[in-house]
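Containing CSV, C-alpha atoms: structure18.csv.
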chain,number,residue,atom,x,y,z
A,1,MET,CA,29.5,0.6,50.0
A,2,THR,CA,30.4,2.6,47.0
A,3,VAL,CA,30.7,-0.6,44.8
A,4,ARG,CA,27.3,-1.8,46.0
A,5,TRP,CA,25.7,1.6,45.2
A,6,ILE,CA,27.3,1.5,41.7
A,7,VAL,CA,26.0,-2.0,41.1
A,8,ARG,CA,22.5,-1.1,42.3
A,9,THR,CA,22.5,2.1,40.1
A,10,VAL,CA,23.6,0.2,37.0
A,11,SER,CA,21.0,-2.5,37.7
A,12,GLU,CA,18.3,0.1,37.9
A,13,VAL,CA,19.4,1.8,34.7
A,14,CYS,CA,19.4,-1.6,32.9
A,15,VAL,CA,15.9,-2.3,34.2
A,16,THR,CA,14.7,1.1,33.1
A,17,VAL,CA,16.3,0.8,29.6
A,18,GLY,CA,14.9,-2.7,29.2
A,19,THR,CA,11.4,-1.4,30.1
A,20,LEU,CA,11.7,1.4,27.6
A,21,ILE,CA,12.8,-1.1,24.9
A,22,VAL,CA,9.9,-3.3,25.7
A,23,LEU,CA,7.5,-0.4,25.6
A,24,PHE,CA,8.9,0.8,22.3
A,25,VAL,CA,8.5,-2.7,20.8
A,26,VAL,CA,4.9,-2.8,22.0
A,27,TYR,CA,4.3,0.6,20.4
A,28,LEU,CA,5.8,-0.6,17.1
A,29,LEU,CA,4.0,-4.0,17.1
A,30,PHE,CA,0.7,-3.1,18.6
A,31,TRP,CA,-0.2,0.6,18.9
A,32,THR,CA,0.9,1.7,15.5
A,33,GLY,CA,-1.1,-1.2,14.1
A,34,VAL,CA,-4.2,-0.2,16.0
A,35,ARG,CA,-4.0,3.4,14.9
A,36,ALA,CA,-3.2,2.4,11.3
A,37,ASP,CA,-6.1,-0.1,11.1
A,38,SER,CA,-8.5,2.5,12.4
A,39,ALA,CA,-7.2,5.1,9.9
A,40,MET,CA,-7.5,2.7,7.0
A,41,ASP,CA,-11.0,1.7,8.0
A,42,GLY,CA,-11.8,5.4,8.2
A,43,GLU,CA,-10.5,6.0,4.7
A,44,ILE,CA,-12.4,3.1,3.2
A,45,GLY,CA,-15.6,4.2,5.0
A,46,ARG,CA,-15.2,7.7,3.6
A,47,LEU,CA,-14.7,6.4,0.1
A,48,GLN,CA,-17.8,4.1,0.4
A,49,ASP,CA,-19.9,7.0,1.7
A,50,GLN,CA,-18.6,9.2,-1.2
A,51,TRP,CA,-19.4,6.5,-3.8
A,52,SER,CA,-22.8,5.7,-2.4
A,53,ALA,CA,-23.7,9.4,-2.7
A,54,GLY,CA,-23.3,9.2,-6.5
A,55,PRO,CA,-21.2,11.2,-8.9
A,56,VAL,CA,-20.4,14.8,-8.0
A,57,THR,CA,-22.1,17.3,-10.3
A,58,ALA,CA,-21.0,20.8,-11.2
A,59,PRO,CA,-22.7,23.7,-9.4
A,60,ALA,CA,-25.5,25.5,-11.3
A,61,GLY,CA,-24.2,27.8,-14.0
A,62,ARG,CA,-20.7,26.2,-14.1
A,63,PRO,CA,-20.0,24.0,-17.1
A,64,THR,CA,-18.7,20.4,-16.6
A,65,ALA,CA,-15.5,19.3,-18.1
A,66,PRO,CA,-15.8,18.1,-21.7
A,67,PRO,CA,-15.9,14.3,-22.1
A,68,THR,CA,-12.5,14.3,-23.9
A,69,ALA,CA,-10.7,16.3,-21.1
A,70,ARG,CA,-7.9,14.5,-19.4
A,71,PRO,CA,-8.9,13.5,-15.8
A,72,ARG,CA,-7.4,15.7,-13.2
A,73,PRO,CA,-4.6,14.3,-11.0
A,74,TYR,CA,-5.5,12.6,-7.7
A,75,ASP,CA,-5.6,14.9,-4.7
A,76,PRO,CA,-2.3,14.7,-2.7
A,77,GLY,CA,-2.8,12.8,0.5
A,78,ARG,CA,-6.4,11.7,-0.3
A,79,SER,CA,-7.7,8.2,-0.8
A,80,PHE,CA,-9.2,7.4,-4.2
A,81,ALA,CA,-9.4,3.6,-4.5
A,82,VAL,CA,-9.5,0.4,-2.5
A,83,MET,CA,-7.2,-2.6,-3.2
A,84,TYR,CA,-8.0,-6.2,-2.5
A,85,ILE,CA,-5.4,-9.1,-2.7
A,86,PRO,CA,-7.1,-12.4,-1.9
A,87,ARG,CA,-3.7,-14.2,-1.6
A,88,LEU,CA,-3.0,-12.0,1.5
A,89,GLY,CA,-6.3,-12.8,3.1
A,90,SER,CA,-10.0,-13.2,2.3
A,91,ASP,CA,-10.7,-9.9,4.2
A,92,TRP,CA,-7.6,-8.0,3.1
A,93,ALA,CA,-8.7,-4.6,1.9
A,94,LYS,CA,-6.6,-1.4,2.0
A,95,PRO,CA,-7.2,2.2,0.8
A,96,VAL,CA,-4.9,3.7,-1.8
A,97,LEU,CA,-4.0,7.3,-1.3
A,98,GLN,CA,-2.1,9.7,-3.5
A,99,GLY,CA,1.6,10.1,-2.5
A,100,THR,CA,4.1,8.1,-0.6
A,101,GLY,CA,5.0,10.4,2.3
A,102,THR,CA,5.3,9.1,5.8
A,103,ASP,CA,1.9,10.5,6.9
A,104,VAL,CA,0.2,8.8,3.8
A,105,LEU,CA,1.7,5.4,4.4
A,106,GLN,CA,0.4,5.5,8.0
A,107,ARG,CA,-3.1,5.5,6.6
A,108,GLY,CA,-2.9,3.0,3.8
A,109,LEU,CA,-1.1,2.3,0.6
A,110,GLY,CA,0.5,5.1,-1.4
A,111,HIS,CA,0.4,5.8,-5.2
A,112,TYR,CA,3.7,7.1,-6.5
A,113,ASP,CA,3.5,10.5,-8.0
A,114,ARG,CA,4.0,10.8,-11.8
A,115,THR,CA,3.0,7.2,-12.4
A,116,ALA,CA,-0.1,6.2,-14.3
A,117,ARG,CA,-3.7,6.5,-13.0
A,118,LEU,CA,-5.6,3.4,-12.2
A,119,GLY,CA,-6.4,1.4,-15.3
A,120,GLU,CA,-4.6,3.7,-17.7
A,121,THR,CA,-1.8,2.8,-20.1
A,122,GLY,CA,1.4,3.0,-18.2
A,123,ASN,CA,2.5,1.8,-14.7
A,124,PHE,CA,0.2,2.3,-11.7
A,125,ALA,CA,2.8,2.0,-8.9
A,126,VAL,CA,1.9,1.6,-5.2
A,127,ALA,CA,4.0,1.4,-2.0
A,128,GLY,CA,3.1,0.0,1.4
A,129,HIS,CA,4.7,-0.8,4.7
A,130,ARG,CA,5.9,-4.4,5.3
A,131,ARG,CA,5.8,-4.0,9.0
A,132,THR,CA,4.3,-1.5,11.5
A,133,TYR,CA,1.3,0.8,10.7
A,134,GLY,CA,-1.0,-2.2,10.1
A,135,ASP,CA,1.6,-4.4,8.4
A,136,PRO,CA,-0.3,-4.2,5.0
A,137,PHE,CA,2.4,-6.0,3.0
A,138,LYS,CA,3.6,-8.3,5.8
A,139,ASP,CA,3.0,-11.4,3.6
A,140,PHE,CA,4.2,-9.8,0.3
A,141,PRO,CA,6.7,-12.7,-0.3
A,142,GLU,CA,3.7,-15.1,-0.6
A,143,LEU,CA,2.6,-13.4,-3.9
A,144,ARG,CA,2.7,-15.8,-6.9
A,145,PRO,CA,2.2,-15.4,-10.7
A,146,GLY,CA,-1.5,-15.5,-11.5
A,147,ASP,CA,-2.6,-14.0,-8.2
A,148,ALA,CA,-5.3,-11.3,-8.5
A,149,VAL,CA,-4.9,-7.7,-7.3
A,150,VAL,CA,-8.3,-6.1,-7.6
A,151,LEU,CA,-9.0,-2.4,-7.2
A,152,THR,CA,-12.0,-0.2,-7.4
A,153,ASP,CA,-12.5,3.5,-7.7
A,154,GLY,CA,-16.2,3.3,-7.0
A,155,THR,CA,-17.3,3.1,-10.7
A,156,THR,CA,-15.1,0.3,-12.1
A,157,TRP,CA,-13.4,-2.9,-10.9
A,158,PHE,CA,-9.9,-3.4,-12.2
A,159,THR,CA,-8.4,-6.9,-11.9
A,160,TYR,CA,-4.7,-7.2,-12.4
A,161,ARG,CA,-2.7,-10.4,-12.5
A,162,ILE,CA,0.7,-10.9,-10.9
A,163,ASP,CA,3.4,-11.9,-13.5
A,164,ASN,CA,6.4,-12.7,-11.3
A,165,ARG,CA,7.4,-13.8,-7.9
A,166,PRO,CA,8.6,-10.8,-5.7
A,167,TYR,CA,11.8,-9.4,-7.1
A,168,THR,CA,14.5,-8.0,-4.7
A,169,THR,CA,16.3,-4.8,-5.5
A,170,LEU,CA,17.9,-1.7,-3.9
A,171,PRO,CA,15.9,1.4,-2.8
A,172,ASP,CA,17.6,3.6,-5.5
A,173,ASP,CA,16.4,1.3,-8.3
A,174,ILE,CA,13.7,3.7,-9.4
A,175,GLY,CA,13.4,2.1,-12.8
A,176,VAL,CA,11.0,-0.5,-11.3
A,177,ILE,CA,8.2,2.1,-11.5
A,178,ASP,CA,9.0,3.2,-15.1
A,179,PRO,CA,6.0,3.0,-17.6
A,180,VAL,CA,7.6,-0.2,-18.9
A,181,PRO,CA,9.9,-1.5,-16.1
A,182,GLN,CA,13.0,-2.9,-17.8
A,183,LYS,CA,13.4,-5.9,-15.4
A,184,SER,CA,9.7,-6.8,-15.4
A,185,GLY,CA,9.8,-8.8,-18.6
A,186,TYR,CA,7.3,-6.5,-20.3
A,187,ARG,CA,8.4,-5.5,-23.8
A,188,GLY,CA,6.1,-2.6,-24.7
A,189,PRO,CA,3.5,-0.2,-23.4
A,190,GLY,CA,0.6,-1.7,-21.5
A,191,ARG,CA,-1.5,-1.2,-18.4
A,192,TYR,CA,0.7,-2.4,-15.6
A,193,LEU,CA,0.7,-2.4,-11.8
A,194,THR,CA,3.8,-2.3,-9.6
A,195,LEU,CA,3.7,-3.1,-5.9
A,196,THR,CA,6.7,-2.2,-3.7
A,197,THR,CA,7.6,-2.8,0.0
A,198,CYS,CA,10.6,-3.1,2.2
A,199,GLU,CA,13.0,-6.0,2.6
A,200,PRO,CA,13.9,-7.6,5.0
A,201,GLU,CA,10.8,-7.8,7.0
A,202,TRP,CA,12.0,-5.5,9.8
A,203,GLY,CA,14.5,-3.5,7.7
A,204,HIS,CA,14.7,-1.3,4.7
A,205,SER,CA,18.0,-2.0,3.1
A,206,HIS,CA,16.3,-3.5,0.0
A,207,ARG,CA,12.9,-3.5,-1.7
A,208,LEU,CA,10.6,-6.2,-2.8
A,209,ILE,CA,8.8,-5.7,-6.2
A,210,ALA,CA,5.8,-7.4,-7.8
A,211,TRP,CA,4.6,-6.5,-11.3
A,212,ALA,CA,1.2,-7.2,-12.7
A,213,HIS,CA,-0.8,-6.5,-15.9
A,214,LEU,CA,-4.4,-5.4,-16.2
A,215,ASP,CA,-6.4,-8.6,-17.0
A,216,SER,CA,-10.0,-7.3,-17.0
A,217,THR,CA,-12.4,-4.5,-15.9
A,218,GLN,CA,-16.1,-4.3,-15.2
A,219,PRO,CA,-18.6,-1.7,-13.9
A,220,VAL,CA,-19.4,-1.9,-10.2
A,221,GLU,CA,-23.1,-2.3,-11.2
A,222,GLN,CA,-22.3,-5.8,-12.4
A,223,GLY,CA,-21.2,-6.8,-8.9
A,224,ARG,CA,-17.9,-8.0,-7.5
A,225,PRO,CA,-15.5,-9.6,-10.0
A,226,SER,CA,-15.0,-13.3,-9.9
A,227,ALA,CA,-11.4,-12.9,-8.6
A,228,LEU,CA,-12.8,-11.8,-5.2
A,229,PRO,CA,-14.1,-14.3,-2.6
A,230,ARG,CA,-17.9,-14.3,-2.5

Go through the file and emit its structure as structure tokens.
Amino acid sequence: MTVRWIVRTVSEVCVTVGTLIVLFVVYLLFWTGVRADSAMDGEIGRLQDQWSAGPVTAPAGRPTAPPTARPRPYDPGRSFAVMYIPRLGSDWAKPVLQGTGTDVLQRGLGHYDRTARLGETGNFAVAGHRRTYGDPFKDFPELRPGDAVVLTDGTTWFTYRIDNRPYTTLPDDIGVIDPVPQKSGYRGPGRYLTLTTCEPEWGHSHRLIAWAHLDSTQPVEQGRPSALPR
């Protein structure tokens, strides 16, 4: 009787643990994706509403910044641009937010602090989840030299071109986001883009890196750049 009770108890525990594991996997695969997709759509919607409202003007009596003043830093945790990568899907579009904290990467891609602003000389470096929270960089290994990475801040389109197949390195290799990354092949200052994500697909022991250079810019008034699907 005692042996039978033990066997039944162990069986019930195994079933319970198995159910919890399945629920956890469903949460990782489905629910975090649903929440992240909704959050990213919300960020893009807010940006589009902001851009459609026109440029922000200073209150009456308060002078605007002189034209030569350096642009102020992006607001931490706030979205400021939208990224498009046609190689990853004709409808692939993700918001870019300032910072790379956990809460930021659950709502989109994150711009590394202390790296260049969008389109500026230096290295505009961005991180994104490979899996969970919308899987924004799930197909990162598919990137190839010549692929377009297009961003807009509401006033300008910035078209970058990938220069290398994804490069694998360790998480502590912070030199990949230097102004001129040593292993990128670039030999001097320029307007660069670095994309980073985790490797392997369901782990984080390594990082995948892709570097790109700014190929062209155009005002949004001229319509979508040719690199984007019509």

Handout entry: Distance criterion (all atoms listed in the file): nearest to Tyr74 (chain A) out of A:Asp113, A:Asp135, A:Asp49, A:Asp172
Key = A:Asp113

Exercise for the section: Pick out the closest residue to Arg117 (chain A) from this set: A:Ala93, A:Glu142, A:Ile85, A:Leu151. Count all atoms listed in the file. Expected result: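 That would be A:Leu151, the residue with the smallest distance to Arg117 (chain A).
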
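If you look at CA of Gln106 (chain A) and CA of Phe158 (chain A), they are 24.4 Å away from each other.
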
Exercise for the section: Could you check which of A:Arg144, A:Leu118, A:Asp153, A:Val96 is closest to Gln48 (chain A), using all atoms listed in the file? Expected result: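 The answer is A:Asp153, which sits nearest to Gln48 (chain A).
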
Exercise for the section: For each of A:Asp173, A:Asp41, A:Asp178, A:Glu120, take the minimum atom-to-atom distance to Ser205 (chain A), counting only C-alpha atoms, then give the residue where this is smallest. Expected result: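 Nearest to Ser205 (chain A): A:Asp173.
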
Please provide as a JSON list (two decimals) with C-alpha atoms, in the frame of the given file all residues within 12 Å of Ile44 (chain A), with the sequence filter that same-chain residues fewer than 4 positions apart are discarded (counting all atoms listed in the file).
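Final output, result_36.json:
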[["chain", "number", "residue", "atom", "x", "y", "z"],
["A", 37, "ASP", "CA", -6.10, -0.10, 11.10],
["A", 38, "SER", "CA", -8.50, 2.50, 12.40],
["A", 39, "ALA", "CA", -7.20, 5.10, 9.90],
["A", 40, "MET", "CA", -7.50, 2.70, 7.00],
["A", 48, "GLN", "CA", -17.80, 4.10, 0.40],
["A", 49, "ASP", "CA", -19.90, 7.00, 1.70],
["A", 50, "GLN", "CA", -18.60, 9.20, -1.20],
["A", 51, "TRP", "CA", -19.40, 6.50, -3.80],
["A", 78, "ARG", "CA", -6.40, 11.70, -0.30],
["A", 79, "SER", "CA", -7.70, 8.20, -0.80],
["A", 80, "PHE", "CA", -9.20, 7.40, -4.20],
["A", 81, "ALA", "CA", -9.40, 3.60, -4.50],
["A", 82, "VAL", "CA", -9.50, 0.40, -2.50],
["A", 83, "MET", "CA", -7.20, -2.60, -3.20],
["A", 84, "TYR", "CA", -8.00, -6.20, -2.50],
["A", 93, "ALA", "CA", -8.70, -4.60, 1.90],
["A", 94, "LYS", "CA", -6.60, -1.40, 2.00],
["A", 95, "PRO", "CA", -7.20, 2.20, 0.80],
["A", 96, "VAL", "CA", -4.90, 3.70, -1.80],
["A", 97, "LEU", "CA", -4.00, 7.30, -1.30],
["A", 107, "ARG", "CA", -3.10, 5.50, 6.60],
["A", 108, "GLY", "CA", -2.90, 3.00, 3.80],
["A", 109, "LEU", "CA", -1.10, 2.30, 0.60],
["A", 152, "THR", "CA", -12.00, -0.20, -7.40],
["A", 153, "ASP", "CA", -12.50, 3.50, -7.70],
["A", 154, "GLY", "CA", -16.20, 3.30, -7.00]]

Handout entry: Distance criterion (only C-alpha atoms): nearest to Pro200 (chain A) out of A:Arg165, A:Val180, A:Arg224, A:Phe137
Key =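 Between A:Arg165, A:Val180, A:Arg224, A:Phe137, the residue approaching Pro200 (chain A) most closely is A:Phe137.
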
Completion exercise
One decimal place gives the CA of Leu88 (chain A)-CA of Pro73 (chain A) separation as 29.2 Å

Practice task
Between A:Lys183, A:His213, A:Arg46, A:His129, single out the one closest to Val104 (chain A), counting all atoms listed in the file.
Solution key: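 Ranked by minimum distance to Val104 (chain A), first place goes to A:His129.
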
Fill in the blank from the handout: The distance between CA of Leu195 (chain A) and CA of Glu221 (chain A) is 27.3 Å

Practice task
Determine, counting all atoms listed in the file, which protein, DNA and RNA residues have an atom within 8 Å of an atom of Pro86 (chain A); residues of the same chain fewer than 5 positions away are not included. Present the result as a list of chain:residue names.
Solution key: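 Residues near the query, excluding close chain neighbours: A:Asp91, A:Trp92, A:Asp147, A:Ala148, A:Val149, A:Ala227, A:Leu228, A:Pro229.
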
Residues near Gly101 (chain A), anyone? I mean within 10 Å using all atoms listed in the file, not counting same-chain ones fewer than 5 positions away, as an mmCIF file with C-alpha atoms, keeping the file's coordinate frame.
data_model
loop_
_atom_site.group_PDB
_atom_site.id
_atom_site.type_symbol
_atom_site.label_atom_id
_atom_site.label_comp_id
_atom_site.auth_asym_id
_atom_site.auth_seq_id
_atom_site.Cartn_x
_atom_site.Cartn_y
_atom_site.Cartn_z
ATOM 1 C CA PRO A 76 -2.300 14.700 -2.700
ATOM 2 C CA GLY A 77 -2.800 12.800 0.500
ATOM 3 C CA GLN A 106 0.400 5.500 8.000
ATOM 4 C CA GLY A 110 0.500 5.100 -1.400
ATOM 5 C CA HIS A 111 0.400 5.800 -5.200
ATOM 6 C CA TYR A 112 3.700 7.100 -6.500
#

Practice task
Might you pull out every residue within 12 Å of Gly190 (chain A), with all atoms listed in the file counted and same-chain residues fewer than 5 positions away left off, and present them as JSON, numbers by chain?
Solution key: {"A": [116, 119, 120, 121, 122, 123, 124, 160, 178, 179, 180, 181, 185, 211, 212, 213, 214, 215]}

Practice task
For Gly223 (chain A), list every protein, DNA or RNA residue within 10 Å, evaluated using all atoms listed in the file, and leave out those in the same chain fewer than 4 positions away; present the list as an NGL selection string.
Solution key: :A and (156-157 or 218-219)
